[in-house]
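**Q** Pasting in a structure now, in structure tokens, and then I'll have a few things to ask.
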Amino acid sequence: MLARALSATPVGVAAHPVEVEVDIARGLPAMNTVGLPDTAIKESRERVKAAITNSGFPFPDQRITVNLAPADLRKEGARFDLAVALTLLAAGHSLRGADLSGWLILGELALDGRVKGVRGALSVALWLRQHGNGRRLLLPRANAVEAAVVEGVEVIGVESLAQAAAIICGEQQAEPTVIDLGTLFAGGSHEHGMDLAEVGGQERAKRALEIAAAGSHNLLMVGPPGSGKTMLAERLPTLLPPMTLDEALEATRIYSVHGSLPPGQGLISRRPFRSPHHSISDAGLVGGGTIPRPGEVSLTHHGVLFLDELPEFRRSALEVLRQPLEAGVLTIARASGALTFPADCMLVAAMNPCPCGFRGDPVRECLCTPVQVRKYRGRISGPLLDRIDLHVEVPAPTYGELRAGPSGEASAQVRARVVRARAAQTARRPLTGCHCNARLNPTALRKVCPLPATADDLLAAAVDRLGMSARSVHRVVKVARTIADLAGRDAIAVADVAEALHFRSLDRALA
């Protein structure tokens, strides 16, 4: 007696189909699973058996073989429990009139037959829309809203094995999950509970935030403890343009595969902001594992990754950030192959000017020697520093600035200018192939960033004086292009290049 069903598993951020085959034959009672299963799948025989018997179905007292094809694809997790249970019942003729050919099934089973949520439901729905040939998606109720975001896929959420069996047999009406995508997506407003106006003083740092938001540039803030670096970074998402629907789907897909999408939430509609502790492992920051999963840099796709106390992070982890900062993607290679994860995020980092934190402070004395300062700053490699567009010093606020309270423009006012600057970059996309200035390659840079003679002379002098690398020069020109966009200018002016050079403070300090 043989039965088949279709399921799927995430590979990277995409879904890969998995055929579940169950064969029931004469022999000593046993249940074996083949097809490169991990420990969780091997243990599923106990969960499946308990769920079937506790749901009122007979469990075959024969030799059972479960095959998960393709056999060369490693599978993990308990996502195949529901498909295995339904296929086993179909093979044992316990489901009258069951036809599994029109379904894609996934879900974890509890011992009492309840169906629990799984990772990657959105990726499975996206795959089904392209390759499903009219199949319906049967999955846990907890994942139904997430999967129903994908138009053109009929999503049926179930709470128990008994309910799933009744739907498969036609004994219970299948009720597709229907959502209002417009209402769901409208929930991603900019009401973060924070505003840039709450930051007293720090006008130069606020200007750097505006430029970073307008061109999606990476930013490094250097200042003593308590100067407001974290406060500024937390308000950067309030300056960014609202997410588009495509961006929201891409971000949600990553959270779904990672398993960190809140239950019942269909979309990540606000730009992500994540701030991992400096003790995070390399795999936690950039992704990894036997079967690679996304790390923090991918979880901030289309958002902001904030690294506080940058020199305290592992050097190996920081160096792996070079690829995503340059290309917007991260490739993780294993012996079995390589997987590429989206990682188009803005890096905002903060550090002290020296180990004690008080170098340059007018009141508190710095006790660090020049050797200690160089060693501290040397924890950040030159190639990584080259990939950070803006360096800004954040001095300690004065008592008057603290007492004055909120000052300057609100986030909404700054965001309006950022949106206009991003619109200008989008208009150039047919010419550049880039959605923002930070992603301009050298060819596109020559097309849209011609410099006047005076600006070119200024930049040449800066290169001679500071010993800037070619990558740093390109970063300066990109920032100058963004400053011009904020001002509404079609051409870059010498003042734009001068301001861009002004935001290379670490280049000057190390020259």
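How things are named: the first chain in the structure tokens is A, the next is B, and so on; residues count from 1 in each chain; ligands count from 1 in the order shown.
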Running DSSP on the backbone, which parts of range 25-208 of chain A land in strand (DSSP E), as a list in words?
**A**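 So the strand (DSSP E) residues in range 25-208 of chain A would be Ala25, Ala30, Met31, Asn32, Thr33, Val34, Arg63, Ile64, Thr65, Val66, Asn67, Leu68, Ala69, Trp103, Leu104, Ile105, Glu108, Leu109, Val115, Lys116, Arg136, Leu137, Leu138, Leu139, Pro140, Val155, Ile156, Gly157 and Val158 of chain A.
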**Q** Write to file, as a compact mmCIF listing (two decimals), in the first residue's frame, the residues of the selection just made, with N, CA and C atoms.
**A**
```txt
# COMPACT_ATOMS: atom_id res chain seq x y z
N ALA A 25 3.86 -2.22 4.37
CA ALA A 25 4.08 -3.60 3.90
C ALA A 25 4.01 -4.56 5.08
N ALA A 30 7.23 -1.43 12.50
CA ALA A 30 8.35 -0.48 12.56
C ALA A 30 8.04 0.68 11.63
N MET A 31 8.66 1.81 11.89
CA MET A 31 8.47 2.99 11.03
C MET A 31 9.84 3.61 10.80
N ASN A 32 10.32 3.57 9.57
CA ASN A 32 11.63 4.09 9.22
C ASN A 32 11.48 5.24 8.22
N THR A 33 12.30 6.28 8.41
CA THR A 33 12.27 7.44 7.53
C THR A 33 13.62 7.54 6.82
N VAL A 34 13.58 7.67 5.50
CA VAL A 34 14.78 7.80 4.70
C VAL A 34 14.69 9.07 3.87
N ARG A 63 4.98 -2.82 8.85
CA ARG A 63 6.25 -2.14 8.57
C ARG A 63 5.98 -0.94 7.67
N ILE A 64 6.40 0.22 8.14
CA ILE A 64 6.11 1.48 7.45
C ILE A 64 7.44 2.12 7.03
N THR A 65 7.51 2.49 5.76
CA THR A 65 8.69 3.19 5.25
C THR A 65 8.25 4.56 4.73
N VAL A 66 8.91 5.60 5.22
CA VAL A 66 8.63 6.97 4.79
C VAL A 66 9.84 7.47 4.01
N ASN A 67 9.62 7.92 2.80
CA ASN A 67 10.69 8.44 1.95
C ASN A 67 10.44 9.91 1.66
N LEU A 68 11.47 10.73 1.89
CA LEU A 68 11.40 12.16 1.59
C LEU A 68 12.31 12.42 0.41
N ALA A 69 11.72 12.69 -0.74
CA ALA A 69 12.49 12.87 -1.97
C ALA A 69 12.51 14.36 -2.36
N TRP A 103 -2.95 18.97 -3.26
CA TRP A 103 -2.56 19.73 -2.08
C TRP A 103 -1.04 19.80 -1.93
N LEU A 104 -0.57 20.86 -1.29
CA LEU A 104 0.78 20.91 -0.73
C LEU A 104 0.58 21.06 0.78
N ILE A 105 1.20 20.17 1.55
CA ILE A 105 0.88 20.04 2.98
C ILE A 105 2.14 20.27 3.82
N GLU A 108 3.68 20.95 11.77
CA GLU A 108 4.20 20.11 12.85
C GLU A 108 3.04 19.62 13.69
N LEU A 109 3.13 18.38 14.17
CA LEU A 109 2.07 17.78 14.97
C LEU A 109 2.45 17.73 16.44
N VAL A 115 -2.01 21.01 15.25
CA VAL A 115 -1.05 21.36 14.20
C VAL A 115 -0.37 22.67 14.59
N LYS A 116 0.94 22.63 14.69
CA LYS A 116 1.72 23.80 15.11
C LYS A 116 2.36 24.49 13.90
N ARG A 136 -3.71 23.43 -3.78
CA ARG A 136 -4.03 24.26 -2.63
C ARG A 136 -3.02 24.00 -1.51
N LEU A 137 -2.89 24.99 -0.65
CA LEU A 137 -1.90 24.93 0.43
C LEU A 137 -2.61 24.63 1.75
N LEU A 138 -2.29 23.50 2.35
CA LEU A 138 -2.84 23.09 3.65
C LEU A 138 -1.73 23.23 4.68
N LEU A 139 -1.94 24.08 5.65
CA LEU A 139 -0.88 24.39 6.59
C LEU A 139 -1.47 24.81 7.93
N PRO A 140 -0.68 25.00 8.98
CA PRO A 140 -1.20 25.39 10.29
C PRO A 140 -1.94 26.72 10.25
N VAL A 155 -5.22 29.22 0.36
CA VAL A 155 -4.58 28.82 1.62
C VAL A 155 -5.64 28.33 2.59
N ILE A 156 -5.46 27.10 3.08
CA ILE A 156 -6.39 26.51 4.04
C ILE A 156 -5.63 26.29 5.34
N GLY A 157 -6.02 26.99 6.39
CA GLY A 157 -5.39 26.83 7.69
C GLY A 157 -6.17 25.85 8.56
N VAL A 158 -5.46 24.95 9.20
CA VAL A 158 -6.11 23.94 10.06
C VAL A 158 -5.48 23.98 11.45
```
**Q** If you run DSSP over the backbone, which residues in range 213-259 of chain A end up alpha helix (DSSP H)? Put them as number ranges by chain.
**A** A: 213-215, 229-234, 245-258
**Q** Which residues come within 10 Å of Arg119 in chain A, counting only C-alpha atoms, excluding same-chain residues fewer than 4 positions away, as JSON, numbers by chain?
**A** {"A": [9, 10, 77, 78, 79, 106, 107, 123, 124, 143, 253, 254, 255, 256, 257, 258, 259, 260, 261]}
**Q** Give me the residues near Val297 in chain A as a PyMOL selection string, where near means some atom within 10 Å (using only C-alpha atoms) and where sequence neighbours in that chain fewer than 6 positions away do not count.
**A** chain A and resi 274+276+284-287+303-306+321+324-325+328-330+341-347
**Q** Identify, on the basis of only C-alpha atoms, every residue whose closest approach to Val476 in chain A does not exceed 7 Å; exclude the query and any residue fewer than 5 positions from it along the same chain; express the result as a count of residues only.
**A** 3
**Q** Leaving out Gly113 in chain A and any residue of its chain fewer than 6 positions from it, which residues lie within 10 Å of it when counting only C-alpha atoms, given as a PyMOL selection string?
**A** chain A and resi 47-56+82+85+159-163
**Q** Got time to write the residues from that selection, N, CA and C atoms, as a compact mmCIF listing (two decimals), in the first residue's frame?
**A**
```txt
# COMPACT_ATOMS: atom_id res chain seq x y z
N ARG A 47 5.81 11.29 17.27
CA ARG A 47 4.80 12.35 17.23
C ARG A 47 3.65 11.95 16.33
N VAL A 48 3.98 11.42 15.15
CA VAL A 48 2.93 11.04 14.19
C VAL A 48 2.06 9.92 14.75
N LYS A 49 2.68 8.92 15.36
CA LYS A 49 1.91 7.81 15.92
C LYS A 49 0.96 8.29 17.01
N ALA A 50 1.46 9.11 17.93
CA ALA A 50 0.62 9.60 19.02
C ALA A 50 -0.49 10.50 18.49
N ALA A 51 -0.16 11.36 17.50
CA ALA A 51 -1.17 12.26 16.95
C ALA A 51 -2.27 11.48 16.24
N ILE A 52 -1.91 10.44 15.50
CA ILE A 52 -2.91 9.64 14.79
C ILE A 52 -3.83 8.92 15.77
N THR A 53 -3.27 8.25 16.74
CA THR A 53 -4.10 7.50 17.69
C THR A 53 -4.94 8.43 18.55
N ASN A 54 -4.39 9.56 18.96
CA ASN A 54 -5.15 10.51 19.80
C ASN A 54 -6.19 11.29 19.00
N SER A 55 -6.11 11.20 17.67
CA SER A 55 -7.14 11.83 16.83
C SER A 55 -8.24 10.85 16.44
N GLY A 56 -8.14 9.62 16.93
CA GLY A 56 -9.20 8.64 16.69
C GLY A 56 -9.01 7.77 15.47
N LEU A 82 2.62 16.66 9.39
CA LEU A 82 1.24 16.59 8.91
C LEU A 82 1.15 15.85 7.59
N ALA A 85 1.61 12.11 8.28
CA ALA A 85 0.43 11.53 8.93
C ALA A 85 -0.71 11.32 7.94
N GLU A 159 -6.25 23.49 12.43
CA GLU A 159 -5.78 23.48 13.81
C GLU A 159 -5.48 22.09 14.32
N SER A 160 -5.94 21.06 13.61
CA SER A 160 -5.72 19.70 14.10
C SER A 160 -5.62 18.72 12.94
N LEU A 161 -5.06 17.57 13.24
CA LEU A 161 -4.97 16.50 12.24
C LEU A 161 -6.35 16.03 11.83
N ALA A 162 -7.28 15.93 12.78
CA ALA A 162 -8.64 15.49 12.46
C ALA A 162 -9.32 16.46 11.50
N GLN A 163 -9.13 17.76 11.71
CA GLN A 163 -9.72 18.75 10.81
C GLN A 163 -9.09 18.64 9.43
```
**Q** Using only C-alpha atoms, which residue out of A:Gly215, A:Gly223, A:Gly35, A:Gly132 lies closest to Gln202 in chain A?
**A**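 Among A:Gly215, A:Gly223, A:Gly35, A:Gly132, it is A:Gly223 that comes nearest to Gln202 in chain A.
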**Q** Counting only C-alpha atoms, which residue out of A:Gly264, A:His93, A:Ala484, A:Leu122 sits closest to Arg141 in chain A?
**A**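 Looking at the shortest contact to Arg141 in chain A, the residue is A:Gly264.
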**Q** Restricting the calculation to only C-alpha atoms, which member of A:Ile167, A:Val22, A:Ile280, A:Gly200 is positioned closest to Arg403 in chain A?
**A**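 Counting only C-alpha atoms, the residue closest to Arg403 in chain A is A:Gly200.
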**Q** So which residues touch Gly201 in chain A within 12 Å, counting only C-alpha atoms, skipping near sequence neighbours fewer than 2 positions away, as an mmCIF file with C-alpha atoms, in the first residue's frame?
**A**
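Dumped to result27.cif:
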```cif
data_model
loop_
_atom_site.group_PDB
_atom_site.id
_atom_site.type_symbol
_atom_site.label_atom_id
_atom_site.label_comp_id
_atom_site.auth_asym_id
_atom_site.auth_seq_id
_atom_site.Cartn_x
_atom_site.Cartn_y
_atom_site.Cartn_z
ATOM 1 C CA LEU A 196 14.374 63.069 15.613
ATOM 2 C CA ALA A 197 13.274 66.278 17.336
ATOM 3 C CA GLU A 198 13.713 64.519 20.683
ATOM 4 C CA VAL A 199 17.486 64.685 20.248
ATOM 5 C CA GLU A 203 22.957 69.152 14.416
ATOM 6 C CA ARG A 204 25.913 67.757 12.477
ATOM 7 C CA ALA A 205 24.997 64.194 13.420
ATOM 8 C CA LYS A 206 21.378 64.831 12.429
ATOM 9 C CA ARG A 207 22.583 66.096 9.051
ATOM 10 C CA SER A 227 26.639 61.532 23.735
ATOM 11 C CA GLY A 228 23.466 60.210 22.072
ATOM 12 C CA LEU A 232 20.312 58.953 17.000
ATOM 13 C CA VAL A 394 29.212 63.083 18.127
ATOM 14 C CA PRO A 395 30.476 65.251 21.017
ATOM 15 C CA ALA A 396 29.017 65.103 24.509
ATOM 16 C CA PRO A 397 26.005 67.451 24.768
ATOM 17 C CA THR A 398 26.243 70.513 26.978
ATOM 18 C CA TYR A 399 23.989 71.013 29.989
ATOM 19 C CA GLY A 400 22.161 73.757 28.132
ATOM 20 C CA GLU A 401 21.340 71.407 25.248
ATOM 21 C CA LEU A 402 20.042 68.795 27.663
ATOM 22 C CA ARG A 403 17.844 71.310 29.506
ATOM 23 C CA ALA A 404 16.554 72.841 26.267
ATOM 24 C CA GLY A 405 14.694 69.637 25.397
ATOM 25 C CA PRO A 406 13.491 68.758 21.897
ATOM 26 C CA SER A 407 14.987 70.897 19.175
ATOM 27 C CA GLY A 408 15.320 70.994 15.434
ATOM 28 C CA GLU A 409 13.136 69.444 12.776
#
```
**Q** Of the candidates A:Val419, A:Leu126, A:Ala83, A:Ala166, which shows the shortest atom-to-atom distance to Pro242 in chain A, using only C-alpha atoms?
**A** A:Val419
**Q** I'd like the interatomic distance between CA of His301 in chain A and CA of Leu219 in chain A, to a tenth of an Å.
**A**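 If I compute the distance from CA of His301 in chain A to CA of Leu219 in chain A, I get 16.2 Å.
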**Q** What does the structure give for the distance between CA of Val13 in chain A and CA of Glu326 in chain A, in Å to one decimal?
**A**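 According to the coordinates, CA of Val13 in chain A and CA of Glu326 in chain A are separated by 20.3 Å.
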